[in-house]
file start28.pdb (PDB, C-alpha atoms and all ligand atoms)
ATOM      1  CA  MET A 102      18.900   4.296 -12.446  1.00  0.00           C
ATOM      2  CA  ALA A 103      17.432   1.184 -10.866  1.00  0.00           C
ATOM      3  CA  GLU A 104      15.429  -1.297 -12.859  1.00  0.00           C
ATOM      4  CA  SER A 105      11.697  -1.071 -12.463  1.00  0.00           C
ATOM      5  CA  VAL A 106       9.776  -3.649 -10.453  1.00  0.00           C
ATOM      6  CA  ALA A 107       6.472  -4.962 -11.738  1.00  0.00           C
ATOM      7  CA  GLY A 108       3.261  -5.962 -10.094  1.00  0.00           C
ATOM      8  CA  GLY A 109      -0.412  -6.466 -10.622  1.00  0.00           C
ATOM      9  CA  CYS A 110      -3.652  -7.804  -9.258  1.00  0.00           C
ATOM     10  CA  LEU A 111      -4.639 -11.438  -8.792  1.00  0.00           C
ATOM     11  CA  CYS A 112      -6.524 -11.748 -12.085  1.00  0.00           C
ATOM     12  CA  GLY A 113      -3.763 -10.017 -14.017  1.00  0.00           C
ATOM     13  CA  GLY A 114      -6.045  -7.340 -15.443  1.00  0.00           C
ATOM     14  CA  VAL A 115      -4.248  -4.538 -13.646  1.00  0.00           C
ATOM     15  CA  ARG A 116      -0.511  -4.265 -14.267  1.00  0.00           C
ATOM     16  CA  PHE A 117       1.912  -1.612 -13.091  1.00  0.00           C
ATOM     17  CA  GLU A 118       5.563  -0.927 -12.548  1.00  0.00           C
ATOM     18  CA  ALA A 119       7.531   1.257 -10.194  1.00  0.00           C
ATOM     19  CA  THR A 120      11.089   2.455 -10.374  1.00  0.00           C
ATOM     20  CA  PRO A 121      13.061   2.386  -7.109  1.00  0.00           C
ATOM     21  CA  PRO A 122      14.151   3.945  -4.896  1.00  0.00           C
ATOM     22  CA  PHE A 123      10.969   3.844  -2.833  1.00  0.00           C
ATOM     23  CA  LEU A 124      10.332   6.724  -0.447  1.00  0.00           C
ATOM     24  CA  ARG A 125       9.328   4.500   2.478  1.00  0.00           C
ATOM     25  CA  ALA A 126       7.386   1.399   3.406  1.00  0.00           C
ATOM     26  CA  ASN A 127       5.305   0.449   6.416  1.00  0.00           C
ATOM     27  CA  TRP A 128       2.803  -1.878   7.967  1.00  0.00           C
ATOM     28  CA  CYS A 129      -0.493  -0.121   8.636  1.00  0.00           C
ATOM     29  CA  HIS A 130      -2.637  -1.689  11.366  1.00  0.00           C
ATOM     30  CA  CYS A 131      -5.507   0.812  11.159  1.00  0.00           C
ATOM     31  CA  SER A 132      -9.074  -0.497  11.140  1.00  0.00           C
ATOM     32  CA  ARG A 133      -9.607   0.495   7.504  1.00  0.00           C
ATOM     33  CA  CYS A 134      -6.519  -1.316   6.247  1.00  0.00           C
ATOM     34  CA  ARG A 135      -7.543  -4.345   8.288  1.00  0.00           C
ATOM     35  CA  LYS A 136     -11.020  -4.384   6.829  1.00  0.00           C
ATOM     36  CA  HIS A 137      -9.832  -3.780   3.302  1.00  0.00           C
ATOM     37  CA  SER A 138      -7.118  -6.414   3.370  1.00  0.00           C
ATOM     38  CA  GLY A 139      -8.892  -8.904   5.586  1.00  0.00           C
ATOM     39  CA  ALA A 140      -5.589  -9.202   7.412  1.00  0.00           C
ATOM     40  CA  ALA A 141      -3.904  -7.886  10.542  1.00  0.00           C
ATOM     41  CA  ALA A 142      -2.134  -5.118   8.691  1.00  0.00           C
ATOM     42  CA  SER A 143      -1.486  -3.815   5.219  1.00  0.00           C
ATOM     43  CA  PRO A 144       2.110  -3.530   3.996  1.00  0.00           C
ATOM     44  CA  GLN A 145       2.666  -0.684   1.566  1.00  0.00           C
ATOM     45  CA  ALA A 146       5.433   1.272  -0.094  1.00  0.00           C
ATOM     46  CA  ARG A 147       5.477   4.693  -1.683  1.00  0.00           C
ATOM     47  CA  VAL A 148       7.151   6.047  -4.779  1.00  0.00           C
ATOM     48  CA  PRO A 149       7.084   9.520  -6.315  1.00  0.00           C
ATOM     49  CA  ARG A 150       4.337   9.860  -8.926  1.00  0.00           C
ATOM     50  CA  ASP A 151       6.834  10.014 -11.788  1.00  0.00           C
ATOM     51  CA  ALA A 152       8.379   6.700 -10.710  1.00  0.00           C
ATOM     52  CA  PHE A 153       5.067   4.881 -11.197  1.00  0.00           C
ATOM     53  CA  ARG A 154       3.374   3.663 -14.372  1.00  0.00           C
ATOM     54  CA  LEU A 155      -0.001   1.995 -14.685  1.00  0.00           C
ATOM     55  CA  LEU A 156       0.519  -0.374 -17.623  1.00  0.00           C
ATOM     56  CA  ALA A 157      -2.894  -2.000 -17.949  1.00  0.00           C
ATOM     57  CA  GLY A 158      -6.332  -2.193 -16.401  1.00  0.00           C
ATOM     58  CA  GLU A 159      -7.031   1.424 -15.531  1.00  0.00           C
ATOM     59  CA  GLU A 160     -10.719   0.692 -16.188  1.00  0.00           C
ATOM     60  CA  LEU A 161     -10.655  -2.086 -13.577  1.00  0.00           C
ATOM     61  CA  VAL A 162      -9.372   0.055 -10.727  1.00  0.00           C
ATOM     62  CA  VAL A 163     -12.153   1.083  -8.372  1.00  0.00           C
ATOM     63  CA  VAL A 164     -11.535   3.731  -5.732  1.00  0.00           C
ATOM     64  CA  TYR A 165     -13.277   3.555  -2.385  1.00  0.00           C
ATOM     65  CA  ARG A 166     -13.319   6.896  -0.602  1.00  0.00           C
ATOM     66  CA  PRO A 167     -14.286   6.631   3.059  1.00  0.00           C
ATOM     67  CA  PRO A 168     -17.238   9.015   3.532  1.00  0.00           C
ATOM     68  CA  GLU A 169     -15.614  10.456   6.635  1.00  0.00           C
ATOM     69  CA  GLY A 170     -12.472  11.272   4.630  1.00  0.00           C
ATOM     70  CA  GLY A 171      -8.960   9.946   4.820  1.00  0.00           C
ATOM     71  CA  MET A 172      -6.911   7.753   2.561  1.00  0.00           C
ATOM     72  CA  VAL A 173      -8.581   5.936  -0.318  1.00  0.00           C
ATOM     73  CA  LYS A 174      -8.513   2.226  -1.043  1.00  0.00           C
ATOM     74  CA  ALA A 175      -8.093   1.307  -4.707  1.00  0.00           C
ATOM     75  CA  PHE A 176      -8.715  -2.244  -5.851  1.00  0.00           C
ATOM     76  CA  CYS A 177      -9.422  -4.407  -8.880  1.00  0.00           C
ATOM     77  CA  ARG A 178     -13.154  -4.744  -9.449  1.00  0.00           C
ATOM     78  CA  ARG A 179     -12.730  -8.132 -11.107  1.00  0.00           C
ATOM     79  CA  CYS A 180     -10.650  -9.960  -8.497  1.00  0.00           C
ATOM     80  CA  GLY A 181     -10.809  -7.649  -5.475  1.00  0.00           C
ATOM     81  CA  SER A 182      -7.054  -7.273  -5.024  1.00  0.00           C
ATOM     82  CA  SER A 183      -6.075  -4.322  -2.872  1.00  0.00           C
ATOM     83  CA  LEU A 184      -3.610  -2.336  -4.960  1.00  0.00           C
ATOM     84  CA  PHE A 185      -3.176   1.327  -4.122  1.00  0.00           C
ATOM     85  CA  GLY A 186      -3.962   3.752  -1.343  1.00  0.00           C
ATOM     86  CA  GLY A 187      -2.987   7.208  -0.214  1.00  0.00           C
ATOM     87  CA  THR A 188      -4.418   9.813  -2.537  1.00  0.00           C
ATOM     88  CA  TRP A 189      -4.822   7.602  -5.612  1.00  0.00           C
ATOM     89  CA  PRO A 190      -5.106   8.534  -8.447  1.00  0.00           C
ATOM     90  CA  ASP A 191      -3.837  12.035  -7.630  1.00  0.00           C
ATOM     91  CA  GLY A 192      -1.107  13.490  -5.507  1.00  0.00           C
ATOM     92  CA  PRO A 193       2.697  13.568  -5.562  1.00  0.00           C
ATOM     93  CA  GLU A 194       3.150   9.988  -4.309  1.00  0.00           C
ATOM     94  CA  VAL A 195       1.697   6.569  -5.086  1.00  0.00           C
ATOM     95  CA  SER A 196       1.117   4.108  -2.258  1.00  0.00           C
ATOM     96  CA  ILE A 197       1.361   0.519  -3.486  1.00  0.00           C
ATOM     97  CA  ARG A 198       0.431  -2.614  -1.550  1.00  0.00           C
ATOM     98  CA  LEU A 199       3.620  -4.612  -1.173  1.00  0.00           C
ATOM     99  CA  GLY A 200       1.768  -7.867  -1.745  1.00  0.00           C
ATOM    100  CA  ALA A 201       0.831  -6.728  -5.239  1.00  0.00           C
ATOM    101  CA  PHE A 202       4.428  -6.914  -6.483  1.00  0.00           C
ATOM    102  CA  ASP A 203       5.335 -10.018  -8.465  1.00  0.00           C
ATOM    103  CA  GLY A 204       8.750 -10.444  -6.925  1.00  0.00           C
ATOM    104  CA  ASP A 205      11.014  -8.566  -4.551  1.00  0.00           C
ATOM    105  CA  PRO A 206      10.368  -4.835  -4.811  1.00  0.00           C
ATOM    106  CA  GLY A 207      13.662  -4.242  -3.011  1.00  0.00           C
ATOM    107  CA  ILE A 208      12.133  -2.649   0.063  1.00  0.00           C
ATOM    108  CA  ALA A 209      10.565  -4.072   3.214  1.00  0.00           C
ATOM    109  CA  PRO A 210       8.409  -2.311   5.805  1.00  0.00           C
ATOM    110  CA  GLN A 211      10.484   0.039   7.970  1.00  0.00           C
ATOM    111  CA  PHE A 212       7.931   0.908  10.667  1.00  0.00           C
ATOM    112  CA  HIS A 213       4.439   0.188  11.941  1.00  0.00           C
ATOM    113  CA  THR A 214       1.582   2.710  11.976  1.00  0.00           C
ATOM    114  CA  PHE A 215      -1.701   2.728  13.886  1.00  0.00           C
ATOM    115  CA  VAL A 216      -0.654  -0.018  16.284  1.00  0.00           C
ATOM    116  CA  GLY A 217      -3.043   1.703  18.710  1.00  0.00           C
ATOM    117  CA  SER A 218      -5.929   0.307  16.680  1.00  0.00           C
ATOM    118  CA  LYS A 219      -4.540  -3.136  15.895  1.00  0.00           C
ATOM    119  CA  ALA A 220      -6.847  -6.129  16.021  1.00  0.00           C
ATOM    120  CA  PRO A 221      -7.299  -7.584  19.529  1.00  0.00           C
ATOM    121  CA  TRP A 222      -6.077 -10.946  18.268  1.00  0.00           C
ATOM    122  CA  GLU A 223      -2.925  -9.634  16.624  1.00  0.00           C
ATOM    123  CA  VAL A 224       0.402 -10.197  18.346  1.00  0.00           C
ATOM    124  CA  LEU A 225       2.786  -7.550  17.043  1.00  0.00           C
ATOM    125  CA  PRO A 226       5.974  -9.071  15.667  1.00  0.00           C
ATOM    126  CA  ASP A 227       9.177  -8.603  17.624  1.00  0.00           C
ATOM    127  CA  ASP A 228      10.882  -7.166  14.560  1.00  0.00           C
ATOM    128  CA  GLY A 229      12.580  -4.194  16.159  1.00  0.00           C
ATOM    129  CA  LEU A 230      10.834  -1.728  13.842  1.00  0.00           C
ATOM    130  CA  PRO A 231       9.525   1.567  15.242  1.00  0.00           C
ATOM    131  CA  ARG A 232       5.864   1.478  16.238  1.00  0.00           C
ATOM    132  CA  HIS A 233       3.557   4.464  16.040  1.00  0.00           C
ATOM    133  CA  GLU A 234       0.237   4.601  17.878  1.00  0.00           C
ATOM    134  CA  THR A 235      -1.341   6.479  14.970  1.00  0.00           C
ATOM    135  CA  ARG A 236       0.278   7.902  11.878  1.00  0.00           C
ATOM    136  CA  ALA A 237       4.022   8.202  11.548  1.00  0.00           C
ATOM    137  CA  PRO A 238       5.704  11.550  12.104  1.00  0.00           C
ATOM    138  CA  ARG A 239       5.959  13.337   8.796  1.00  0.00           C
ATOM    139  CA  PRO A 240       8.955  12.214   6.757  1.00  0.00           C
ATOM    140  CA  ARG A 241      11.735  14.693   6.256  1.00  0.00           C
TER     141      ARG A 241
HETATM  142 ZN    ZN B 301      -7.784  -8.191 -10.915  1.00  0.00          ZN
HETATM  143 ZN    ZN B 302      -4.212   1.983   7.369  1.00  0.00          ZN
END
call {"tool": "encode", "arguments": {"input": "start28.pdb", "output": "structure tokens"}}
result
Amino acid sequence: MAESVAGGCLCGGVRFEATPPFLRANWCHCSRCRKHSGAAASPQARVPRDAFRLLAGEELVVVYRPPEGGMVKAFCRRCGSSLFGGTWPDGPEVSIRLGAFDGDPGIAPQFHTFVGSKAPWEVLPDDGLPRHETRAPRPR
């Protein structure tokens, strides 16, 4: 079994670890991820629920649920770091912001989603990764 990889928020109040292998990783360029990250896109990776452990700071994690539905944004209420998404804190998978890992989580984004709603000023990288106008086709 692979060694776990650790991460946390900027202030250090929230700490977690995940045990590879990850299920998948992507760049999401949707308007919500842009707003929440303040960046062109949000890189994230997913692990099965049982491969994830929240080690500290559960009380600091705030969940924003868009009123119109869709994926949540979970962040540290002390430092604002974007940490988790998807269906946090429930569901079979945990979506973790790649930038929240301390070191190399051992996976890099494999595809782009929601390039159809990318920021007008963003130039998509010529990285050869598949690009999806909206969400990715469901994984096998
Ligand atoms: Zn924090
Ligand atoms: Zn998104």
call {"tool": "axis_aligned_box", "arguments": {"input": "start28.pdb", "around": "range 102-118 of chain A", "padding_each_side": "8 Å", "output": "AutoDock Vina command-line options"}}
result
--center_x 6.2 --center_y -3.7 --center_z -12.1 --size_x 41.4 --size_y 32.0 --size_z 22.7
call {"tool": "residues_around", "arguments": {"input": "start28.pdb", "residues": "Glu194 in chain A", "least_positions_apart": "3", "cutoff": "12 Å", "atoms": "all atoms listed in the file", "output": "PDB file with C-alpha atoms, in the coordinates of the input"}}
result
ATOM      1  CA  ALA A 119       7.531   1.257 -10.194  1.00  0.00           C
ATOM      2  CA  PHE A 123      10.969   3.844  -2.833  1.00  0.00           C
ATOM      3  CA  LEU A 124      10.332   6.724  -0.447  1.00  0.00           C
ATOM      4  CA  ARG A 125       9.328   4.500   2.478  1.00  0.00           C
ATOM      5  CA  ALA A 146       5.433   1.272  -0.094  1.00  0.00           C
ATOM      6  CA  ARG A 147       5.477   4.693  -1.683  1.00  0.00           C
ATOM      7  CA  VAL A 148       7.151   6.047  -4.779  1.00  0.00           C
ATOM      8  CA  PRO A 149       7.084   9.520  -6.315  1.00  0.00           C
ATOM      9  CA  ARG A 150       4.337   9.860  -8.926  1.00  0.00           C
ATOM     10  CA  ASP A 151       6.834  10.014 -11.788  1.00  0.00           C
ATOM     11  CA  ALA A 152       8.379   6.700 -10.710  1.00  0.00           C
ATOM     12  CA  PHE A 153       5.067   4.881 -11.197  1.00  0.00           C
ATOM     13  CA  ARG A 154       3.374   3.663 -14.372  1.00  0.00           C
ATOM     14  CA  PHE A 185      -3.176   1.327  -4.122  1.00  0.00           C
ATOM     15  CA  GLY A 186      -3.962   3.752  -1.343  1.00  0.00           C
ATOM     16  CA  GLY A 187      -2.987   7.208  -0.214  1.00  0.00           C
ATOM     17  CA  THR A 188      -4.418   9.813  -2.537  1.00  0.00           C
ATOM     18  CA  TRP A 189      -4.822   7.602  -5.612  1.00  0.00           C
ATOM     19  CA  PRO A 190      -5.106   8.534  -8.447  1.00  0.00           C
ATOM     20  CA  ASP A 191      -3.837  12.035  -7.630  1.00  0.00           C
ATOM     21  CA  ILE A 197       1.361   0.519  -3.486  1.00  0.00           C
TER      22      ILE A 197
END
call {"tool": "residues_near_ligand", "arguments": {"input": "start28.pdb", "ligand": "ligand ZN 301 (chain B)", "cutoff": "12 Å", "atoms": "all atoms listed in the file", "output": "PyMOL selection string"}}
result
chain A and resi 108-117+157-163+175-184+201
call {"tool": "residues_near_ligand", "arguments": {"input": "start28.pdb", "ligand": "ligand ZN 302 (chain B)", "cutoff": "10 Å", "atoms": "only C-alpha atoms and all ligand atoms", "output": "ChimeraX atom specification"}}
result
/A:127-138,142-145,171-174,186-187,213-216,218-219,235-236
call {"tool": "atom_distance", "arguments": {"input": "start28.pdb", "atom1": "CA of Ala126 in chain A", "atom2": "CA of Ile208 in chain A"}}
result
7.1 Å
call {"tool": "atom_distance", "arguments": {"input": "start28.pdb", "atom1": "CA of Leu199 in chain A", "atom2": "CA of Gly170 in chain A"}}
result
23.3 Å
call {"tool": "atom_distance", "arguments": {"input": "start28.pdb", "atom1": "CA of Phe202 in chain A", "atom2": "CA of Pro121 in chain A"}}
result
12.7 Å
call {"tool": "resolve_selection", "arguments": {"input": "start28.pdb", "expression": "the PyMOL selection byres (((chain A and resi 228) around 12) and not hetatm)", "output": "compact mmCIF listing (two decimals) with C-alpha atoms, in the coordinates of the input"}}
result
# COMPACT_ATOMS: atom_id res chain seq x y z
CA TRP A 128 2.80 -1.88 7.97
CA ALA A 209 10.56 -4.07 3.21
CA PRO A 210 8.41 -2.31 5.80
CA GLN A 211 10.48 0.04 7.97
CA PHE A 212 7.93 0.91 10.67
CA HIS A 213 4.44 0.19 11.94
CA VAL A 224 0.40 -10.20 18.35
CA LEU A 225 2.79 -7.55 17.04
CA PRO A 226 5.97 -9.07 15.67
CA ASP A 227 9.18 -8.60 17.62
CA GLY A 229 12.58 -4.19 16.16
CA LEU A 230 10.83 -1.73 13.84
CA PRO A 231 9.52 1.57 15.24
CA ARG A 232 5.86 1.48 16.24
